[in-house]
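K.L.:
Below you'll find coords_39.txt; it's compact mmCIF, C-alpha atoms.
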```txt
# COMPACT_ATOMS: atom_id res chain seq x y z
CA MET A 1 13.20 -14.62 29.98
CA ILE A 2 14.42 -11.91 27.59
CA TYR A 3 14.67 -12.77 23.90
CA THR A 4 16.59 -10.91 21.24
CA ILE A 5 14.05 -10.69 18.44
CA ALA A 6 15.39 -10.45 14.88
CA HIS A 7 13.74 -7.95 12.61
CA ARG A 8 12.15 -9.33 9.43
CA PHE A 9 11.83 -6.69 6.73
CA PHE A 10 8.35 -6.32 5.18
CA VAL A 11 6.93 -8.65 7.87
CA ASP A 12 7.54 -6.79 11.12
CA PRO A 13 7.07 -3.04 11.54
CA ILE A 14 10.18 -0.91 11.89
CA ASP A 15 10.90 0.94 15.11
CA ALA A 16 10.19 4.45 13.88
CA HIS A 17 8.20 5.69 16.87
CA THR A 18 10.66 8.51 17.56
CA TRP A 19 11.31 9.60 13.97
CA TRP A 20 7.97 8.80 12.29
CA TRP A 21 7.72 12.37 11.02
CA ALA A 22 10.73 11.78 8.71
CA LEU A 23 8.62 9.23 6.81
CA LEU A 24 6.64 12.13 5.37
CA VAL A 25 9.57 12.78 3.00
CA PRO A 26 9.41 9.43 1.09
CA LEU A 27 5.61 9.73 1.20
CA ALA A 28 5.74 13.13 -0.53
CA VAL A 29 8.41 11.98 -3.03
CA PHE A 30 6.55 8.85 -4.16
CA ILE A 31 3.21 10.68 -4.39
CA SER A 32 4.87 13.35 -6.55
CA ILE A 33 6.58 10.79 -8.81
CA ALA A 34 3.32 8.94 -9.56
CA TYR A 35 1.05 11.99 -9.72
CA LYS A 36 3.27 14.07 -11.98
CA ALA A 37 3.73 11.09 -14.34
CA VAL A 38 -0.04 11.13 -14.88
CA ARG A 39 -0.66 14.87 -14.76
CA LEU A 40 2.09 16.56 -16.74
CA ASN A 41 1.49 17.34 -20.40
CA SER A 42 5.19 17.24 -21.16
CA MET A 43 7.81 15.08 -19.51
CA ALA A 44 10.54 17.57 -20.40
CA HIS A 45 10.89 19.03 -16.89
CA TYR A 46 9.57 16.01 -15.05
CA TRP A 47 12.07 15.82 -12.18
CA ARG A 48 11.94 19.56 -11.56
CA GLU A 49 8.13 19.33 -11.27
CA VAL A 50 8.45 16.33 -8.92
CA GLY A 51 10.84 18.32 -6.72
CA ILE A 52 8.51 21.34 -6.63
CA MET A 53 5.50 19.21 -5.71
CA THR A 54 7.47 17.38 -3.01
CA VAL A 55 8.46 20.68 -1.41
CA GLN A 56 4.87 21.96 -1.70
CA ILE A 57 3.51 18.88 0.09
CA LEU A 58 6.11 19.11 2.86
CA LEU A 59 5.58 22.85 3.37
CA GLY A 60 1.81 22.31 3.38
CA LEU A 61 2.08 19.61 6.04
CA MET A 62 4.40 21.76 8.14
CA GLY A 63 1.96 24.65 7.82
CA LEU A 64 -0.95 22.46 8.94
CA GLY A 65 1.14 21.25 11.88
CA LEU A 66 1.97 24.82 12.85
CA LEU A 67 -1.68 25.83 12.54
CA SER A 68 -2.72 22.92 14.79
CA LEU A 69 -0.08 23.96 17.31
CA VAL A 70 -1.38 27.53 17.38
CA VAL A 71 -4.99 26.35 17.80
CA VAL A 72 -4.19 23.89 20.60
CA GLU A 73 -1.54 25.87 22.47
CA VAL A 74 -2.77 29.46 21.99
CA LEU A 75 -6.40 29.72 20.86
CA VAL A 76 -7.97 26.97 22.97
CA PRO A 77 -6.35 28.20 26.25
CA LEU A 78 -7.71 31.67 25.46
CA LEU A 79 -11.23 30.23 25.28
CA GLY A 80 -10.83 28.55 28.68
CA MET B 1 -7.39 -0.46 -18.54
CA LEU B 2 -7.13 -4.14 -17.65
CA LEU B 3 -3.34 -3.98 -17.90
CA ALA B 4 -3.30 -0.90 -15.66
CA ILE B 5 -5.18 -2.92 -13.04
CA VAL B 6 -2.90 -5.95 -13.40
CA LEU B 7 0.31 -4.01 -12.76
CA PRO B 8 0.72 -0.28 -11.96
CA GLY B 9 2.02 1.56 -15.02
CA LEU B 10 1.46 -1.31 -17.46
CA GLY B 11 -1.59 0.41 -18.97
CA HIS B 12 0.48 3.43 -19.97
CA VAL B 13 3.31 1.24 -21.27
CA SER B 14 0.83 -0.63 -23.49
CA LEU B 15 -0.30 2.73 -24.91
CA GLY B 16 3.28 3.55 -25.89
CA LYS B 17 3.86 5.88 -22.92
CA ARG B 18 6.78 3.94 -21.56
CA ARG B 19 8.36 6.66 -19.44
CA ARG B 20 5.05 7.63 -17.84
CA GLY B 21 4.28 3.97 -17.13
CA LEU B 22 7.68 3.41 -15.56
CA MET B 23 7.36 6.46 -13.31
CA ILE B 24 3.84 5.40 -12.25
CA ALA B 25 5.18 1.95 -11.37
CA VAL B 26 8.06 3.48 -9.40
CA GLY B 27 5.73 5.82 -7.50
CA VAL B 28 2.93 3.37 -6.75
CA LEU B 29 4.99 0.26 -6.05
CA GLY B 30 7.62 2.30 -4.18
CA LEU B 31 4.93 3.71 -1.91
CA PHE B 32 3.36 0.28 -1.39
CA ALA B 33 6.73 -1.35 -0.60
CA SER B 34 7.56 1.52 1.77
CA GLY B 35 4.25 0.94 3.55
CA LEU B 36 5.08 -2.73 4.04
CA LEU B 37 8.58 -1.84 5.18
CA VAL B 38 7.30 0.67 7.75
CA GLY B 39 4.19 -1.07 9.06
CA GLY B 40 4.98 -4.70 8.22
CA ILE B 41 2.69 -7.13 6.45
CA GLY B 42 -0.08 -6.21 8.91
CA SER B 43 -0.54 -2.96 6.95
CA VAL B 44 -2.57 -4.88 4.36
CA ASP B 45 -5.45 -6.58 6.13
CA SER B 46 -8.84 -6.88 4.45
CA GLY B 47 -10.13 -9.26 7.11
CA LEU B 48 -10.94 -11.44 4.06
CA PHE B 49 -13.99 -9.22 3.53
CA PHE B 50 -13.82 -9.44 -0.24
CA ALA B 51 -12.59 -13.05 -0.35
CA ASN B 52 -15.60 -14.10 1.75
CA ARG B 53 -17.99 -12.22 -0.56
CA VAL B 54 -16.47 -13.97 -3.60
CA ARG B 55 -16.77 -17.31 -1.82
CA ALA B 56 -20.42 -16.66 -0.99
CA LEU B 57 -21.15 -15.60 -4.59
CA THR B 58 -19.40 -18.65 -6.01
CA GLY B 59 -21.29 -20.86 -3.57
CA SER B 60 -24.64 -19.36 -4.58
CA ILE B 61 -23.85 -19.88 -8.28
CA THR B 62 -22.70 -23.46 -7.90
CA GLY B 63 -25.45 -24.26 -5.39
CA SER B 64 -23.04 -25.49 -2.73
CA PRO B 65 -23.00 -23.01 0.15
CA VAL B 66 -19.50 -22.25 1.37
CA LYS B 67 -18.83 -21.38 4.97
CA PRO B 68 -17.14 -17.95 5.22
CA GLU B 69 -13.71 -17.78 6.79
CA ARG B 70 -13.85 -16.32 10.28
CA VAL B 71 -11.38 -13.51 10.86
CA GLU B 72 -10.83 -11.40 13.95
CA GLY B 73 -9.94 -7.77 13.29
CA GLY B 74 -9.02 -6.57 9.82
CA GLU B 75 -9.32 -3.18 8.17
CA PRO B 76 -11.57 -3.64 5.13
CA VAL B 77 -12.22 0.11 4.79
CA TRP B 78 -8.49 0.79 4.28
CA PHE B 79 -8.29 -2.19 1.94
CA VAL B 80 -10.88 -0.53 -0.34
CA GLY B 81 -8.12 1.94 -1.25
CA GLN B 82 -5.34 -0.64 -1.27
CA MET B 83 -7.14 -3.03 -3.63
CA PHE B 84 -6.61 -0.66 -6.58
CA ILE B 85 -2.96 -1.73 -6.63
CA GLY B 86 -4.35 -4.92 -8.15
CA PRO B 87 -3.33 -8.56 -7.77
CA ILE B 88 -0.25 -7.58 -5.76
CA ALA B 89 -2.40 -6.18 -2.93
CA PHE B 90 -4.73 -9.20 -2.96
CA SER B 91 -1.74 -11.56 -2.94
CA VAL B 92 -0.12 -9.78 0.02
CA ASP B 93 -3.46 -9.85 1.84
CA LEU B 94 -3.92 -13.59 1.27
CA ILE B 95 -0.30 -14.34 2.26
CA HIS B 96 -0.84 -12.27 5.40
CA HIS B 97 -3.93 -14.29 6.33
CA TYR B 98 -2.83 -17.80 5.40
CA ARG B 99 0.94 -17.67 6.08
CA PHE B 100 1.21 -15.35 9.07
CA LYS B 101 -2.05 -15.20 11.02
CA VAL B 102 -2.81 -17.95 13.52
CA ARG B 103 -6.04 -19.90 13.75
CA ASP B 104 -7.54 -19.60 17.22
CA LEU B 105 -7.83 -22.93 19.02
CA THR B 106 -11.29 -22.25 20.47
CA THR B 107 -13.06 -20.17 17.82
CA GLY B 108 -11.16 -21.31 14.69
CA ALA B 109 -10.92 -17.69 13.54
CA LEU B 110 -7.80 -16.26 11.92
CA ARG B 111 -6.15 -13.57 14.03
CA ALA B 112 -2.83 -11.85 14.64
CA PRO B 113 -0.57 -13.90 16.93
CA LEU B 114 0.00 -12.85 20.52
CA PRO B 115 3.58 -11.68 21.31
CA ASP B 116 4.87 -15.13 22.34
CA GLU B 117 2.38 -17.32 20.49
CA GLY B 118 3.68 -20.01 18.15
CA ARG B 119 2.10 -21.08 14.86
CA ASP B 120 2.03 -24.52 13.29
CA PRO B 121 3.25 -23.88 9.72
CA ALA B 122 1.39 -26.88 8.32
CA THR B 123 -2.08 -26.12 9.69
CA GLY B 124 -1.80 -22.49 10.75
CA MET B 125 -3.19 -23.43 14.15
CA SER B 126 -2.00 -21.64 17.25
CA ASN B 127 0.45 -23.62 19.37
CA GLY B 128 -0.53 -21.61 22.42
CA ARG B 129 1.17 -18.93 24.44
CA GLY B 130 4.90 -19.27 25.06
CA SER B 131 5.42 -21.68 22.18
CA ALA B 132 6.93 -19.25 19.67
CA VAL B 133 10.37 -20.31 18.45
CA GLY B 134 12.85 -17.93 20.07
CA GLY B 135 9.93 -16.02 21.53
CA GLN B 136 9.20 -14.63 18.08
CA PRO B 137 5.65 -14.91 16.67
CA SER B 138 5.00 -15.38 12.94
CA TYR B 139 4.72 -11.60 12.65
CA ARG B 140 4.22 -8.56 14.81
CA ARG B 141 1.41 -6.11 14.27
CA GLY B 142 2.37 -2.47 13.74
CA LEU B 143 1.06 -0.33 16.58
CA GLY B 144 0.68 3.39 17.06
CA ARG B 145 1.94 5.81 14.44
CA VAL B 146 4.10 3.21 12.68
CA GLY B 147 1.09 0.97 12.04
CA GLU B 148 -1.00 3.95 10.92
CA ILE B 149 1.68 5.25 8.55
CA GLY B 150 2.24 1.80 7.00
CA THR B 151 -1.47 1.43 6.29
CA LEU B 152 -1.66 5.01 5.01
CA PHE B 153 1.27 4.50 2.59
CA CYS B 154 -0.33 1.37 1.10
CA THR B 155 -3.76 3.03 0.79
CA ILE B 156 -2.38 6.17 -0.89
CA ALA B 157 -0.48 3.90 -3.32
CA GLY B 158 -3.80 2.27 -4.26
CA MET B 159 -5.57 5.60 -4.71
CA LEU B 160 -2.72 6.89 -6.90
CA ASN B 161 -3.00 3.80 -9.06
CA LEU B 162 -6.73 4.46 -9.39
CA ILE B 163 -5.86 7.84 -10.91
CA ALA B 164 -3.40 6.08 -13.26
CA ILE B 165 -6.04 3.47 -14.22
CA ILE B 166 -8.56 6.21 -15.07
CA ASP B 167 -5.91 8.10 -17.06
CA ALA B 168 -4.91 4.97 -19.00
CA ALA B 169 -8.52 4.04 -19.71
CA TRP B 170 -10.11 7.33 -20.68
CA SER B 171 -7.45 9.92 -21.36
CA ARG B 172 -7.01 10.01 -25.11
CA ARG B 173 -5.32 13.39 -25.36
CA ALA B 174 -2.06 13.30 -27.24
CA ARG B 175 0.64 14.82 -25.09
CA PRO B 176 4.14 15.79 -26.14
CA GLY B 177 6.70 13.36 -24.86
CA ASP B 178 4.17 10.56 -24.49
CA ALA B 179 5.46 8.26 -27.18
CA ASP B 180 9.02 7.09 -27.05
CA PRO B 181 11.21 8.73 -29.69
CA GLN B 182 11.09 6.93 -33.03
CA PRO B 183 14.22 6.58 -35.17
CA LYS B 184 14.18 9.12 -38.00
CA SER B 185 14.05 7.71 -41.52
CA LYS B 186 16.79 8.74 -43.92
CA THR B 187 14.34 10.23 -46.39
CA GLY B 188 12.64 12.29 -43.71
CA ALA B 189 9.25 10.98 -44.82
CA ARG B 190 6.55 10.97 -42.16
CA SER B 191 4.38 7.97 -41.60
```
Do you think you could lay out the structure here as structure tokens?
P.N.:
Amino acid sequence: MIYTIAHRFFVDPIDAHTWWWALLVPLAVFISIAYKAVRLNSMAHYWREVGIMTVQILLGLMGLGLLSLVVVEVLVPLLG
Amino acid sequence: MLLAIVLPGLGHVSLGKRRRGLMIAVGVLGLFASGLLVGGIGSVDSGLFFANRVRALTGSITGSPVKPERVEGGEPVWFVGQMFIGPIAFSVDLIHHYRFKVRDLTTGALRAPLPDEGRDPATGMSNGRGSAVGGQPSYRRGLGRVGEIGTLFCTIAGMLNLIAIIDAAWSRRARPGDADPQPKSKTGARS
């Protein structure tokens, strides 16, 4: 028997298995919002600083991903 | 410091840093809610590790030994980070265990329900395989990357709040923009 299962928000996990990588954006945004609220001396340019940190996190993660790709796809085959 | 533990951002608000407190609350609670949205309530699962320790301690003080709750699975190491969100994290964890997990018929341990396993809402006991209403268990456990990301979101939220708690408790440096603007007096006198 096939059931149509209703999704219950905050109880069941969402089906993000194909676009899980997009969840890094809200992760970076929320981390930046909380961290910059603690860290900044002045709140004058708060949102600009949040934006900069968000981009830094995302670029850093992309760089790490690229580095991993190079190691696994290029360097490791050279060793073998 | 106590207020910062009770609710993210409340410590800063109590120190007159309303905007900072609000942004901390948005960041920490937003991340925690996103974690629950992505990974479901199974993202917060202490396995009642801390609740059982408290029970044992209370039992040793009162002299009446309390039997620890048996739980299958659980991620107490991740909950070490999540617990810094405060009572909200502990409440979600307890709701997860006592409102969503099923009690195994043979061992009596609390565990995640099987895909088609029903749960008796009154006792929490398992109704056995194939008994779930509409084939839907009380909750589904996040698997793979979705489960990992949900747990990660909630744990990072807790670690961020730890930074905020430390800042609220020990940072005494006066920073421009901390206090909310006060209305200027007509005479221009400073208090």
K.L.:
Skipping near chain neighbours, those fewer than 4 positions away, what residues fall within 6 Å of segment 155-159 of chain B using all atoms listed in the file, listed as a ChimeraX atom specification?
P.N.:
/B:28,31-32,81-82,84-85
K.L.:
If you take only C-alpha atoms and a cut-off of 9 Å, which residues of chain A touch chain B, and what are their nearest atom pairs and distances in Å to one decimal, in chain and number order, as a Markdown table?
P.N.:
```
| residue | atom | partner | partner_atom | distance |
| --- | --- | --- | --- | --- |
| A:Ile2 | CA | B:Gly135 | CA | 8.6 |
| A:Tyr3 | CA | B:Gly135 | CA | 6.2 |
| A:Thr4 | CA | B:Gly134 | CA | 8.0 |
| A:Ile5 | CA | B:Gln136 | CA | 6.3 |
| A:Ala6 | CA | B:Gln136 | CA | 8.1 |
| A:Arg8 | CA | B:Tyr139 | CA | 8.4 |
| A:Phe9 | CA | B:Leu37 | CA | 6.0 |
| A:Phe10 | CA | B:Leu37 | CA | 4.5 |
| A:Val11 | CA | B:Gly40 | CA | 4.4 |
| A:Asp12 | CA | B:Gly40 | CA | 4.4 |
| A:Pro13 | CA | B:Gly40 | CA | 4.3 |
| A:Ile14 | CA | B:Val38 | CA | 5.3 |
| A:Asp15 | CA | B:Val146 | CA | 7.6 |
| A:Ala16 | CA | B:Val146 | CA | 6.3 |
| A:His17 | CA | B:Val146 | CA | 6.4 |
| A:Trp20 | CA | B:Val146 | CA | 6.8 |
| A:Leu23 | CA | B:Ile149 | CA | 8.2 |
| A:Pro26 | CA | B:Leu31 | CA | 7.9 |
| A:Leu27 | CA | B:Leu31 | CA | 6.8 |
| A:Val29 | CA | B:Gly27 | CA | 8.1 |
| A:Phe30 | CA | B:Gly27 | CA | 4.6 |
| A:Ile31 | CA | B:Gly27 | CA | 6.3 |
| A:Ser32 | CA | B:Gly27 | CA | 7.6 |
| A:Ile33 | CA | B:Gly27 | CA | 5.2 |
| A:Ala34 | CA | B:Gly27 | CA | 4.4 |
| A:Tyr35 | CA | B:Leu160 | CA | 6.9 |
| A:Lys36 | CA | B:Ile24 | CA | 8.7 |
| A:Ala37 | CA | B:Arg20 | CA | 5.1 |
| A:Val38 | CA | B:Ala164 | CA | 6.3 |
| A:Arg39 | CA | B:Asp167 | CA | 8.9 |
| A:Leu40 | CA | B:Arg175 | CA | 8.7 |
| A:Asn41 | CA | B:Arg175 | CA | 5.4 |
| A:Ser42 | CA | B:Pro176 | CA | 5.3 |
| A:Met43 | CA | B:Gly177 | CA | 5.7 |
| A:Ala44 | CA | B:Gly177 | CA | 7.2 |
```
K.L.:
Interatomic distance between atom CA of Gly130 of chain B and atom CA of Arg70 of chain B?
P.N.:
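About the pair atom CA of Gly130 of chain B and atom CA of Arg70 of chain B: they are 24.1 Å apart.
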K.L.:
Just how far from atom CA of Gly65 of chain A is atom CA of Glu49 of chain A, in Å to one decimal?
P.N.:
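Taking atom CA of Glu49 of chain A as the start and atom CA of Gly65 of chain A as the end point, the length is 24.3 Å.
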K.L.:
Of the candidates B:Leu2, B:Val44, B:Ala109, B:Leu114, which shows the shortest atom-to-atom distance to Val92 of chain B, using all atoms listed in the file?
P.N.:
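Nearest candidate to Val92 of chain B out of B:Leu2, B:Val44, B:Ala109, B:Leu114: B:Val44.
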K.L.:
For the atom pair atom CA of Gly124 of chain B and atom CA of Thr106 of chain B, what is the interatomic distance in Å to one decimal place?
P.N.:
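So the two atoms, atom CA of Gly124 of chain B and atom CA of Thr106 of chain B, lie 13.6 Å apart.
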K.L.:
For a quick check of understanding, using all atoms listed in the file, which of B:Arg53, B:His97, B:Arg111, B:Arg18 has the smallest distance to Val66 of chain B?
P.N.:
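Among the listed residues, B:Arg53 lies closest to Val66 of chain B.
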K.L.:
Of the candidates B:Leu94, B:Met83, B:Leu110, B:Val102, which shows the shortest atom-to-atom distance to Ile5 of chain B, using only C-alpha atoms?
P.N.:
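The shortest atom-to-atom distance to Ile5 of chain B comes from B:Met83.
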